[in-house]
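Novice: Following this line is data_32.txt, made up of compact mmCIF, C-alpha atoms:
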```txt
# COMPACT_ATOMS: atom_id res chain seq x y z
CA MET V 28 43.31 -13.01 36.15
CA ILE V 29 41.85 -10.03 37.91
CA ALA V 30 41.29 -6.78 35.99
CA ASP V 31 41.70 -3.60 38.01
CA GLU V 32 38.96 -1.71 36.31
CA ILE V 33 36.17 -2.34 33.82
CA VAL V 34 35.20 0.74 31.83
CA LEU V 35 31.81 0.93 30.13
CA SER V 36 31.43 3.89 27.81
CA PHE V 37 28.09 5.33 26.69
CA PRO V 38 28.81 8.51 24.76
CA ASN V 39 25.16 8.90 23.75
CA ILE V 40 23.75 8.83 27.29
CA THR V 41 24.12 11.70 29.75
CA ARG V 42 25.26 11.18 33.32
CA VAL V 43 21.87 12.29 34.62
CA THR V 44 20.01 9.86 32.40
CA MET V 45 22.33 6.98 33.26
CA SER V 46 21.91 7.55 36.96
CA LYS V 47 18.13 7.34 36.50
CA VAL V 48 18.52 4.13 34.48
CA LEU V 49 20.70 2.62 37.20
CA GLU V 50 18.20 3.67 39.85
CA TYR V 51 15.46 1.88 37.87
CA CYS V 52 17.55 -1.26 37.48
CA ASN V 53 18.40 -1.37 41.18
CA ILE V 54 14.76 -1.11 42.24
CA HIS V 55 13.65 -3.73 39.72
CA GLY V 56 16.50 -6.10 40.44
CA ALA V 57 14.30 -8.12 42.78
CA GLY V 58 11.36 -8.39 40.32
CA ALA V 59 8.03 -6.61 40.06
CA ASP V 60 5.71 -6.10 43.02
CA ASP V 61 3.44 -3.42 44.40
CA GLU V 62 6.36 -1.23 45.53
CA THR V 63 8.03 -1.28 42.14
CA ARG V 64 4.73 -0.43 40.48
CA ALA V 65 4.43 2.64 42.70
CA PHE V 66 8.05 3.51 41.92
CA ASP V 67 7.38 3.18 38.17
CA GLU V 68 4.48 5.62 38.33
CA GLN V 69 6.53 8.40 39.86
CA PHE V 70 9.61 7.43 37.81
CA VAL V 71 7.90 8.24 34.50
CA ASP V 72 6.29 11.41 35.80
CA VAL V 73 9.04 13.62 34.35
CA ASP V 74 9.43 16.38 31.81
CA GLN V 75 9.42 15.63 28.09
CA LYS V 76 13.17 15.94 27.55
CA THR V 77 13.99 13.57 30.43
CA LEU V 78 11.42 11.12 29.09
CA PHE V 79 12.95 11.14 25.57
CA ASP V 80 16.42 10.68 27.02
CA LEU V 81 15.14 7.67 28.94
CA VAL V 82 13.40 6.25 25.85
CA LEU V 83 16.61 6.46 23.83
CA ALA V 84 18.75 5.10 26.67
CA ALA V 85 16.40 2.15 27.27
CA HIS V 86 16.42 1.48 23.52
CA ASP V 87 20.23 1.59 23.27
CA LEU V 88 20.77 -0.46 26.42
CA LYS V 89 17.99 -2.90 25.45
CA ILE V 90 16.29 -2.76 28.88
CA LYS V 91 12.86 -4.05 27.83
CA MET V 92 10.92 -3.31 31.02
CA LEU V 93 12.14 0.27 31.15
CA TYR V 94 11.57 0.65 27.41
CA ASP V 95 7.98 -0.52 27.87
CA ILE V 96 7.06 1.86 30.67
CA VAL V 97 8.62 4.97 29.15
CA GLY V 98 7.11 4.06 25.77
CA GLU V 99 3.73 3.63 27.44
CA ARG V 100 4.08 6.96 29.23
CA THR V 101 4.93 8.69 25.93
CA GLY V 102 1.95 6.98 24.29
CA ASP V 103 -0.32 8.18 27.12
CA MET V 104 0.81 11.74 26.49
CA MET V 105 -0.23 11.41 22.87
CA LYS V 106 -3.64 9.82 23.38
CA GLY V 107 -6.64 11.82 22.29
CA LYS V 108 -4.57 14.54 20.63
CA THR V 109 -4.68 15.61 17.01
CA PRO V 110 -1.50 15.46 14.89
CA GLU V 111 -1.35 19.28 15.03
CA GLU V 112 -1.42 19.30 18.82
CA ILE V 113 1.25 16.60 18.92
CA ARG V 114 3.48 18.64 16.58
CA ILE V 115 3.35 21.52 19.04
CA ILE V 116 3.67 19.51 22.26
CA PHE V 117 6.48 17.34 20.97
CA ASN V 118 8.22 19.91 18.79
CA ILE V 119 7.86 18.00 15.52
CA GLY V 120 8.68 20.44 12.74
CA GLU V 121 6.26 21.03 9.84
CA ASN V 122 9.11 20.52 7.38
CA SER V 123 9.90 17.07 8.66
CA CYS V 124 6.93 15.71 6.73
CA VAL V 125 8.03 13.96 3.57
CA ASP V 126 4.80 14.45 1.74
CA ASP V 127 1.25 15.27 2.49
CA HIS V 128 -1.04 12.58 3.81
CA PRO V 129 -3.67 14.70 5.49
CA LEU V 130 -6.50 12.26 4.94
CA GLN V 131 -5.39 9.15 6.78
CA LYS V 132 -9.10 8.42 7.16
CA GLU V 133 -9.30 7.90 3.40
CA LEU V 134 -6.20 5.71 3.32
CA ASN V 135 -7.28 3.56 6.25
CA PRO V 136 -11.07 3.81 6.50
CA TRP V 137 -11.30 0.49 8.32
CA ALA V 138 -9.57 2.00 11.37
CA PHE V 139 -12.21 4.70 11.72
CA GLU V 140 -15.30 2.52 11.41
CA MET X 27 41.28 -19.51 39.28
CA GLY X 28 38.43 -17.05 39.21
CA SER X 29 38.07 -13.69 37.54
CA GLY X 30 36.75 -10.41 38.87
CA PHE X 31 37.36 -6.72 38.92
CA SER X 32 38.07 -4.22 41.61
CA SER X 33 36.00 -1.35 40.20
CA LEU X 34 33.48 -0.56 37.52
CA LEU X 35 33.59 2.81 35.79
CA VAL X 36 30.61 3.99 33.76
CA MET X 37 31.40 6.88 31.44
CA CYS X 38 28.66 8.94 29.92
CA SER X 39 28.52 12.05 27.82
CA PRO X 40 29.06 15.17 29.90
CA ALA X 41 25.91 16.92 31.06
CA SER X 42 26.92 20.02 29.11
CA ALA X 43 26.64 18.10 25.81
CA PRO X 44 23.28 16.37 26.09
CA ALA X 45 22.59 13.32 23.94
CA VAL X 46 19.44 14.99 22.67
CA PRO X 47 20.05 18.63 21.64
CA PRO X 48 17.56 21.07 23.18
CA GLU X 49 15.69 21.55 19.90
CA THR X 50 15.15 17.84 19.30
CA GLY X 51 11.70 16.47 19.83
CA LEU X 52 9.91 13.15 19.48
CA GLY X 53 10.01 13.70 15.73
CA ASP X 54 13.74 12.99 15.60
CA LEU X 55 13.57 9.59 17.26
CA PRO X 56 14.29 6.57 15.06
CA GLU X 57 11.43 4.59 13.56
CA SER X 58 11.87 1.60 15.86
CA VAL X 59 11.58 3.83 18.93
CA VAL X 60 8.48 5.53 17.54
CA GLY X 61 7.04 2.08 16.97
CA SER X 62 7.55 1.19 20.64
CA VAL X 63 5.37 4.19 21.52
CA LEU X 64 2.72 3.43 18.90
CA VAL X 65 2.08 -0.07 20.29
CA HIS X 66 0.41 1.67 23.25
CA LEU X 67 -2.06 3.53 21.05
CA ASN X 68 -5.25 2.22 19.43
CA PRO X 69 -5.46 1.46 15.67
CA GLN X 70 -7.24 4.70 14.86
CA GLU X 71 -4.59 6.78 16.61
CA ILE X 72 -1.78 4.85 14.94
CA CYS X 73 -3.23 5.54 11.48
CA ARG X 74 -3.91 9.17 12.29
CA LEU X 75 -0.34 9.81 13.46
CA ALA X 76 1.16 8.31 10.30
CA ALA X 77 0.94 11.82 8.81
CA LEU X 78 3.30 13.36 11.37
CA ASN X 79 6.64 12.60 9.73
CA ARG X 80 8.70 9.94 7.97
CA ALA X 81 9.53 8.00 11.14
CA PHE X 82 5.88 7.95 12.21
CA ARG X 83 4.75 6.91 8.76
CA GLY X 84 7.21 4.05 8.71
CA ALA X 85 6.48 3.01 12.27
CA SER X 86 2.70 3.14 11.71
CA SER X 87 3.08 0.38 9.12
CA ALA X 88 5.64 -1.68 11.04
CA ASP X 89 4.82 -5.35 11.43
CA PHE X 90 5.75 -5.42 15.13
CA VAL X 91 3.28 -2.62 15.88
CA TRP X 92 0.33 -4.39 14.25
CA ASP X 93 1.42 -7.77 15.55
CA SER X 94 0.71 -6.36 19.01
CA LYS X 95 -2.88 -5.62 17.97
CA LEU X 96 -3.61 -9.05 16.46
CA PRO X 97 -4.87 -11.95 18.61
CA GLU X 98 -2.23 -14.54 19.40
CA ASN X 99 -3.93 -17.15 17.22
CA TYR X 100 -4.75 -14.89 14.28
CA ASN X 101 -3.40 -17.51 11.85
CA SER X 102 -6.07 -19.94 13.05
CA VAL X 103 -8.72 -17.25 12.59
CA ILE X 104 -7.46 -16.62 9.06
CA SER X 105 -7.55 -20.38 8.29
CA TRP X 106 -11.12 -20.59 9.59
CA ILE X 107 -12.21 -17.68 7.38
CA SER X 108 -10.23 -18.93 4.37
CA ASP X 109 -11.97 -22.33 4.54
CA ASP X 110 -14.97 -20.56 3.06
CA ASP X 111 -14.94 -20.65 -0.76
CA ASP X 112 -15.83 -16.99 -1.01
CA GLN X 113 -12.99 -15.92 1.28
CA LYS X 114 -10.16 -18.25 0.29
CA ASN X 115 -8.15 -15.52 -1.46
CA LYS X 116 -8.72 -12.81 1.08
CA PHE X 117 -5.51 -13.47 3.04
CA PRO X 118 -2.67 -14.17 0.60
CA PRO X 119 0.61 -15.28 2.21
CA ASN X 120 2.55 -12.06 1.59
CA LEU X 121 0.23 -9.69 3.44
CA CYS X 122 1.85 -7.34 5.95
CA LYS X 123 0.49 -7.40 9.49
CA LYS X 124 -1.24 -4.05 9.08
CA ASP X 125 -3.20 -5.35 6.08
CA ILE X 126 -4.04 -8.54 7.96
CA TYR X 127 -5.37 -6.45 10.82
CA ALA X 128 -7.31 -4.21 8.41
CA ARG X 129 -9.02 -7.19 6.75
CA LEU X 130 -9.81 -8.87 10.06
CA SER X 131 -11.21 -5.71 11.61
CA ARG X 132 -13.99 -5.48 9.02
CA PRO X 133 -16.79 -8.08 8.99
CA ASN X 134 -15.85 -11.22 7.05
CA SER X 135 -18.95 -13.02 5.77
CA ILE X 136 -18.81 -16.77 5.58
CA ASN X 137 -21.11 -19.78 5.14
CA GLY X 138 -23.24 -17.96 2.57
CA ASP X 139 -23.35 -14.86 4.79
CA THR X 140 -24.92 -16.71 7.70
CA LYS X 141 -21.94 -15.77 9.88
CA LYS X 142 -19.76 -12.68 10.17
CA VAL X 143 -16.51 -12.37 12.07
CA TRP X 144 -14.41 -9.31 12.78
CA LEU X 145 -11.91 -8.08 15.37
CA HIS X 146 -13.17 -5.96 18.21
CA LYS X 147 -10.92 -2.89 18.02
CA GLY X 148 -10.77 -2.31 21.75
CA THR X 149 -9.55 -5.79 22.73
CA GLY X 150 -8.25 -7.15 19.40
CA LYS X 151 -10.31 -10.29 19.99
CA PRO X 152 -12.87 -11.63 17.49
CA CYS X 153 -16.60 -11.02 17.51
CA LEU X 154 -18.84 -13.56 15.87
CA LEU X 155 -22.35 -12.82 14.62
CA ILE X 156 -24.55 -15.73 13.53
CA SER X 157 -27.67 -15.00 11.51
CA PHE X 158 -30.97 -16.77 12.27
CA ASN X 159 -30.24 -18.59 8.99
CA GLY X 160 -27.28 -20.19 10.75
CA LEU X 161 -29.43 -21.34 13.67
CA SER X 162 -31.86 -24.21 14.05
CA ILE X 163 -35.35 -22.79 14.63
CA THR X 164 -38.12 -25.28 15.33
CA GLY X 165 -40.83 -24.87 12.70
CA ILE X 166 -38.96 -22.21 10.69
CA ASP X 167 -40.28 -23.56 7.43
CA ASP X 168 -43.87 -23.72 8.60
CA ARG X 169 -45.44 -20.60 7.21
CA ARG X 170 -48.27 -20.78 9.71
CA TYR X 171 -45.75 -19.86 12.39
CA TRP X 172 -42.64 -18.27 10.90
CA SER X 173 -41.78 -15.99 8.01
CA ARG X 174 -38.66 -14.22 6.80
CA VAL X 175 -38.77 -10.43 6.81
CA SER X 176 -36.32 -8.27 4.85
CA THR X 177 -35.05 -5.40 6.93
CA GLU X 178 -32.04 -3.13 7.03
CA GLU X 179 -32.22 -3.36 10.82
CA SER X 180 -30.23 -6.59 10.56
CA ARG X 181 -26.63 -6.83 9.43
CA PHE X 182 -27.76 -9.83 7.39
CA GLY X 183 -30.59 -7.98 5.69
CA SER X 184 -33.36 -10.19 7.03
CA VAL X 185 -34.78 -11.59 10.25
CA ALA X 186 -37.07 -14.43 11.23
CA TYR X 187 -40.52 -13.34 12.38
CA LEU X 188 -42.66 -15.53 14.60
CA GLN X 189 -46.36 -14.93 14.22
CA GLN X 190 -47.33 -17.45 16.83
CA THR X 191 -46.38 -20.85 18.19
CA TRP X 192 -46.65 -22.98 21.32
CA TRP X 193 -43.24 -24.62 21.07
CA PHE X 194 -40.63 -21.90 20.74
CA GLU X 195 -37.09 -23.22 20.43
CA VAL X 196 -33.95 -21.86 18.80
CA ASP X 197 -30.71 -23.84 18.93
CA GLY X 198 -27.29 -23.23 17.53
CA GLU X 199 -23.69 -24.18 17.78
CA VAL X 200 -20.41 -22.89 16.47
CA GLU X 201 -16.79 -24.01 16.58
CA PHE X 202 -14.30 -21.18 16.34
CA PRO X 203 -10.62 -20.58 17.24
CA LEU X 204 -11.17 -18.01 19.97
CA PRO X 205 -8.06 -16.46 21.55
CA VAL X 206 -7.63 -16.61 25.31
CA GLY X 207 -10.15 -14.43 27.08
CA THR X 208 -13.69 -14.15 28.40
CA TYR X 209 -16.63 -13.97 26.01
CA SER X 210 -20.34 -13.27 26.36
CA LEU X 211 -23.13 -14.62 24.20
CA TYR X 212 -26.27 -12.67 23.29
CA PHE X 213 -29.48 -13.25 21.36
CA ARG X 214 -30.61 -10.21 19.38
CA LEU X 215 -34.40 -10.10 19.54
CA GLN X 216 -37.26 -7.67 19.11
CA LEU X 217 -40.91 -7.89 20.02
CA GLY X 218 -42.81 -6.53 17.05
CA ARG X 219 -42.39 -6.70 13.28
CA PRO X 220 -40.27 -3.94 11.72
CA SER X 221 -41.12 -2.22 8.48
CA LYS X 222 -40.95 1.16 6.82
CA HIS X 223 -43.87 3.40 6.13
CA PHE X 224 -43.11 6.37 3.88
CA GLY X 225 -39.44 6.06 4.80
CA ARG X 226 -40.08 6.07 8.55
CA ARG X 227 -39.43 3.14 10.82
CA VAL X 228 -42.57 1.39 12.01
CA CYS X 229 -42.95 -1.56 14.32
CA ASN X 230 -46.13 -3.63 14.20
CA ARG X 231 -46.91 -5.04 17.63
CA ASP X 232 -50.30 -6.56 16.85
CA HIS X 233 -49.15 -10.14 17.27
CA VAL X 234 -46.95 -9.62 20.33
CA HIS X 235 -48.33 -11.88 23.02
CA GLY X 236 -47.47 -14.55 25.56
CA TRP X 237 -44.00 -13.37 26.59
CA ASP X 238 -45.17 -12.01 29.91
CA ILE X 239 -46.73 -15.27 31.03
CA LYS X 240 -43.63 -17.38 31.43
CA PRO X 241 -39.96 -16.45 30.95
CA VAL X 242 -37.76 -17.64 28.11
CA ARG X 243 -35.05 -20.08 29.15
CA PHE X 244 -31.52 -19.55 27.81
CA GLN X 245 -28.75 -22.08 27.89
CA LEU X 246 -25.13 -22.16 26.84
CA SER X 247 -22.46 -24.84 27.07
CA THR X 248 -18.91 -25.23 25.81
CA SER X 249 -16.80 -28.16 24.64
CA ASP X 250 -14.72 -27.94 27.83
CA GLY X 251 -17.69 -28.27 30.13
CA GLN X 252 -18.62 -24.69 30.97
CA GLN X 253 -22.33 -24.02 31.31
CA ALA X 254 -24.66 -21.11 31.85
CA ILE X 255 -28.42 -21.20 32.31
CA SER X 256 -30.66 -18.21 32.75
CA GLN X 257 -34.20 -17.13 32.16
CA CYS X 258 -35.90 -13.83 31.67
CA TYR X 259 -39.03 -12.26 30.28
CA LEU X 260 -38.81 -10.64 26.87
CA THR X 261 -39.77 -6.98 27.17
CA THR X 262 -39.82 -3.52 25.55
CA PRO X 263 -41.67 -4.09 22.26
CA GLY X 264 -40.43 -2.03 19.35
CA THR X 265 -36.73 -2.05 20.23
CA TRP X 266 -33.96 -4.50 19.49
CA ASN X 267 -32.49 -5.99 22.62
CA LEU X 268 -29.38 -8.02 23.23
CA TYR X 269 -30.29 -10.72 25.78
CA CYS X 270 -27.12 -11.91 27.45
CA ILE X 271 -27.36 -15.60 28.19
CA GLY X 272 -24.00 -15.99 29.86
CA SER X 273 -20.23 -15.91 29.58
CA PHE X 274 -17.47 -18.43 29.13
CA VAL X 275 -13.72 -18.43 29.38
CA VAL X 276 -11.18 -19.59 26.81
CA GLU X 277 -7.96 -20.66 28.49
CA ASP X 278 -6.19 -22.33 25.58
CA SER X 279 -6.32 -20.85 22.09
CA ARG X 280 -4.56 -23.80 20.47
CA SER X 281 -7.75 -25.76 19.89
CA PRO X 282 -11.05 -24.29 18.63
CA MET X 283 -13.81 -23.77 21.19
CA LYS X 284 -17.18 -25.35 20.45
CA VAL X 285 -20.14 -23.44 21.90
CA LYS X 286 -23.75 -24.67 21.98
CA PHE X 287 -26.59 -22.37 22.87
CA SER X 288 -30.35 -22.33 22.89
CA MET X 289 -33.39 -20.41 23.92
CA MET X 290 -36.76 -21.98 24.59
CA GLN X 291 -40.25 -21.32 25.75
CA ILE X 292 -42.00 -24.63 25.33
CA ASP X 293 -44.82 -24.35 27.85
CA CYS X 294 -47.62 -25.47 25.56
CA THR X 295 -50.42 -24.16 27.77
CA HIS X 296 -50.02 -20.77 26.15
CA SER X 297 -49.04 -19.51 22.75
CA LYS X 298 -46.54 -16.76 22.10
CA GLY X 299 -45.71 -14.65 19.08
CA GLY X 300 -44.87 -11.34 17.51
CA LEU X 301 -41.15 -11.93 17.94
CA CYS X 302 -38.26 -11.16 15.57
CA VAL X 303 -35.13 -13.25 15.85
CA ASP X 304 -32.13 -11.63 14.20
CA SER X 305 -28.92 -13.22 15.34
CA VAL X 306 -26.60 -14.52 18.03
CA LEU X 307 -23.57 -12.46 19.00
CA ILE X 308 -20.43 -13.76 20.70
CA CYS X 309 -18.05 -11.02 21.71
CA PRO X 310 -15.23 -10.40 24.15
CA LYS X 311 -16.34 -9.28 27.60
```
Represent the supplied structure as structure tokens.
Specialist:
Amino acid sequence: MIADEIVLSFPNITRVTMSKVLEYCNIHGAGADDETRAFDEQFVDVDQKTLFDLVLAAHDLKIKMLYDIVGERTGDMMKGKTPEEIRIIFNIGENSCVDDHPLQKELNPWAFE
Amino acid sequence: MGSGFSSLLVMCSPASAPAVPPETGLGDLPESVVGSVLVHLNPQEICRLAALNRAFRGASSADFVWDSKLPENYNSVISWISDDDDQKNKFPPNLCKKDIYARLSRPNSINGDTKKVWLHKGTGKPCLLISFNGLSITGIDDRRYWSRVSTEESRFGSVAYLQQTWWFEVDGEVEFPLPVGTYSLYFRLQLGRPSKHFGRRVCNRDHVHGWDIKPVRFQLSTSDGQQAISQCYLTTPGTWNLYCIGSFVVEDSRSPMKVKFSMMQIDCTHSKGGLCVDSVLICPK
């Protein structure tokens, strides 16, 4: 039995994001080596919105390697920044806080020793 | 009869209706996605960012995030600590991974506080500190040669002070479930006797002698046949020094690694003294 067409539908992923995901998968199809590492570095060097779209797409599509590198890139962007700076850079609203835990140092002193 | 298809069509949302609305930021991502970002940050950053919003707070306590910070054989480390009568209730079975990490990252005293173990935050691997009381010092009970000095300059609250001897030998061994990695071993020593005078640190160097005549010989060996031998002169009176005697590699964390180590200066043609012996440190390289 031959089907004429297989249709895969991803209503939560834009065309632009999907084409980037497919580009990633094509390059990594043969496994990791020096060339794919160089590709990865420039692949994650994108604006914030594109990066979030990729994070969500990799999460939904369960592509672990892609999920890891975009997660790592997002983590790198957050390193060394205060929560206030991260709110501004990543557009996290003040009102999205459930309650006030300003003194994480008091809650988790062991992490700051 | 095989199966196949003549074309594959991938349909996505149109570019004019983006999956993530323009105003949406990292703060609107689900907790599991936030967690996948947090695994790349260090423990301090993870705790600090818990205050950002609900997703961050949830993710900052997620087991999978802290599991990534724990050594692969953390259960063996917990068993080793819990074997000590004073620590047997420190790791109850229902602890979340974050609490396990918190308790392992602070020094755990065992064997009557002759050993302390904690996780190095940078690598997540254990550090082990063994007091002089956990070592075998030749002549330690002979008050002509050795005495015990209380000092806050040691994590154990006291050090062994050598006034003088001809046969200087300190041996030790430890068996510990180290995770895979490379570790270095150090002796923490100081030439000179520490004390406080009107609240100020003072170091008495009157009895320091003999260490510039011949070097001290250090030796280390492991249960799987690794060895390191070195020698050096003890120097810089008045300051604590960590003398690195060598490194070893753990390739299999399933069985505990036994490490033996020693330092000696047994040339009996000259005496030596004025030395404080605090502890031995094993830590990830």
Novice: When you count all atoms listed in the file, which of these residues is closest to Asp87 (chain V): V:Ile115, V:Leu134, V:Val34, V:Ile40?
Specialist: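 Result for the nearest residue to Asp87 (chain V): V:Ile40.
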Novice: May I ask which of the residues X:Ser305, X:Asn68, X:Thr262, X:Ser108 is the closest one to chain V, counting all atoms listed in the file?
Specialist: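 Among X:Ser305, X:Asn68, X:Thr262, X:Ser108, it is X:Asn68 that comes nearest to chain V.
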Novice: Using only C-alpha atoms, which residues sit within 8 Å of Cys270 (chain X) once same-chain residues fewer than 6 positions away are excluded, as a list in words?
Specialist: Ser210, Leu211, Tyr212 and Phe213 of chain X
Novice: Select, from V:Val73, V:Leu83, V:Ile54, V:Leu88, the residue with the minimum atom-to-atom distance to chain X, counting only C-alpha atoms.
Specialist: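 Looking at the shortest contact to chain X, the residue is V:Leu83.
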Novice: What's the separation between CA of Gly218 (chain X) and CA of Val303 (chain X), in Å to one decimal place?
Specialist: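 Taking CA of Gly218 (chain X) as the start and CA of Val303 (chain X) as the end point, the length is 10.3 Å.
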Novice: Go through X:Ser86, X:Thr208, X:Ser131, X:Ser94 one by one, measure the shortest atom-to-atom distance of each to chain V using all atoms listed in the file, and give the residue with the smallest value.
Specialist: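 Nearest to chain V: X:Ser131.
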Novice: Please compute the CA of Asp250 (chain X)-CA of Lys286 (chain X) distance, one decimal, in Å.
Specialist: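 Separating CA of Asp250 (chain X) from CA of Lys286 (chain X) is a distance of 11.2 Å.
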Novice: Return the single residue from V:Asp80, V:Asp74, V:Asp61, V:Glu140 that is closest to Ile116 (chain V), with distances computed using all atoms listed in the file.
Specialist: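 When distances to Ile116 (chain V) are compared using all atoms listed in the file, the smallest one comes from V:Asp74.
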Novice: Closest to Gly102 (chain V) among V:Arg64, V:Val71, V:Ile119, V:Thr77, using all atoms listed in the file?
Specialist: V:Val71
Novice: Got a sec: who's within 7 Å of Ser279 (chain X), counting all atoms listed in the file, leaving out chain neighbours fewer than 3 positions off, as an MDAnalysis selection string?
Specialist: chainID X and resid 99 203:206 276 282
Novice: Counting all atoms listed in the file, note down every residue that has an atom within 9 Å of the point (-2.1, 1.5, 15.5) (file coordinates), as a ChimeraX atom specification.
Specialist: /V:138 /X:64-75,86-87,91-92,95,124
Novice: Output as lines of an AutoDock Vina configuration file the centre and edge lengths (Å, one decimal) of the box along x, y and z of the file that holds every listed atom of region 291-303 of chain X after adding 5 Å on each side.
Specialist:
```
center_x = -42.8
center_y = -18.3
center_z = 21.7
size_x = 25.3
size_y = 24.3
size_z = 22.3
```
Novice: Could you tell me how far CA of Arg181 (chain X) lies from CA of Gly198 (chain X), in Å and to one decimal?
Specialist: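 Between these atoms lies a distance of 18.3 Å.
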Novice: Env of Pro97 (chain X): 9 Å cut, atoms = all atoms listed in the file, seq-sep filter 4 positions within chain, self excluded. Answer as a PyMOL selection string.
Specialist: chain X and resi 93+101+103+145+149-152+204-206
Novice: Pick out the residues sitting within 12 Å of His233 (chain X), and hand them over as a list in words; count all atoms listed in the file, and ignore anything fewer than 5 positions along from it in its own chain.
Specialist: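 Those residues are Tyr171, Tyr187, Leu188, Gln189, Gln190, Thr191, Leu217, Gly218, Arg219, Pro263, Ser297, Lys298, Gly299, Gly300, Leu301 and Cys302 of chain X.
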Novice: Neighbours of Gln253 (chain X) within 10 Å (all atoms listed in the file; same-chain residues fewer than 6 positions away dropped), as a compact mmCIF listing (two decimals) with C-alpha atoms, keeping the file's coordinate frame?
Specialist:
```txt
# COMPACT_ATOMS: atom_id res chain seq x y z
CA GLN X 245 -28.75 -22.08 27.89
CA LEU X 246 -25.13 -22.16 26.84
CA SER X 247 -22.46 -24.84 27.07
CA GLY X 272 -24.00 -15.99 29.86
CA SER X 273 -20.23 -15.91 29.58
CA PHE X 274 -17.47 -18.43 29.13
CA VAL X 285 -20.14 -23.44 21.90
CA LYS X 286 -23.75 -24.67 21.98
CA PHE X 287 -26.59 -22.37 22.87
```
Novice: Could you add N, CA and C atoms to region 289-301 of chain X and give me the result as a PDB file, in the frame of the given file?
Specialist:
```pdb
ATOM      1  N   MET X 289     -32.375 -21.083  23.134  1.00  0.00           N
ATOM      2  CA  MET X 289     -33.390 -20.410  23.920  1.00  0.00           C
ATOM      3  C   MET X 289     -34.718 -21.107  23.660  1.00  0.00           C
ATOM      4  N   MET X 290     -35.524 -21.213  24.713  1.00  0.00           N
ATOM      5  CA  MET X 290     -36.760 -21.980  24.590  1.00  0.00           C
ATOM      6  C   MET X 290     -37.855 -21.361  25.448  1.00  0.00           C
ATOM      7  N   GLN X 291     -39.070 -21.527  24.918  1.00  0.00           N
ATOM      8  CA  GLN X 291     -40.250 -21.320  25.750  1.00  0.00           C
ATOM      9  C   GLN X 291     -41.258 -22.344  25.230  1.00  0.00           C
ATOM     10  N   ILE X 292     -41.241 -23.495  25.879  1.00  0.00           N
ATOM     11  CA  ILE X 292     -42.000 -24.630  25.330  1.00  0.00           C
ATOM     12  C   ILE X 292     -43.171 -25.022  26.219  1.00  0.00           C
ATOM     13  N   ASP X 293     -43.618 -24.096  27.053  1.00  0.00           N
ATOM     14  CA  ASP X 293     -44.820 -24.350  27.850  1.00  0.00           C
ATOM     15  C   ASP X 293     -46.017 -24.288  26.914  1.00  0.00           C
ATOM     16  N   CYS X 294     -46.582 -25.432  26.587  1.00  0.00           N
ATOM     17  CA  CYS X 294     -47.620 -25.470  25.560  1.00  0.00           C
ATOM     18  C   CYS X 294     -49.013 -25.126  26.076  1.00  0.00           C
ATOM     19  N   THR X 295     -49.105 -24.607  27.283  1.00  0.00           N
ATOM     20  CA  THR X 295     -50.420 -24.160  27.770  1.00  0.00           C
ATOM     21  C   THR X 295     -50.734 -22.751  27.264  1.00  0.00           C
ATOM     22  N   HIS X 296     -49.729 -22.101  26.706  1.00  0.00           N
ATOM     23  CA  HIS X 296     -50.020 -20.770  26.150  1.00  0.00           C
ATOM     24  C   HIS X 296     -49.225 -20.557  24.869  1.00  0.00           C
ATOM     25  N   SER X 297     -49.779 -19.810  23.969  1.00  0.00           N
ATOM     26  CA  SER X 297     -49.040 -19.510  22.750  1.00  0.00           C
ATOM     27  C   SER X 297     -48.293 -18.194  22.925  1.00  0.00           C
ATOM     28  N   LYS X 298     -47.328 -18.004  22.072  1.00  0.00           N
ATOM     29  CA  LYS X 298     -46.540 -16.760  22.100  1.00  0.00           C
ATOM     30  C   LYS X 298     -46.204 -16.364  20.677  1.00  0.00           C
ATOM     31  N   GLY X 299     -46.003 -15.080  20.443  1.00  0.00           N
ATOM     32  CA  GLY X 299     -45.710 -14.650  19.080  1.00  0.00           C
ATOM     33  C   GLY X 299     -45.381 -13.180  18.994  1.00  0.00           C
ATOM     34  N   GLY X 300     -45.231 -12.734  17.748  1.00  0.00           N
ATOM     35  CA  GLY X 300     -44.870 -11.340  17.510  1.00  0.00           C
ATOM     36  C   GLY X 300     -43.408 -11.060  17.748  1.00  0.00           C
ATOM     37  N   LEU X 301     -42.569 -12.088  17.602  1.00  0.00           N
ATOM     38  CA  LEU X 301     -41.150 -11.930  17.940  1.00  0.00           C
ATOM     39  C   LEU X 301     -40.272 -11.984  16.685  1.00  0.00           C
TER      40      LEU X 301
END
```
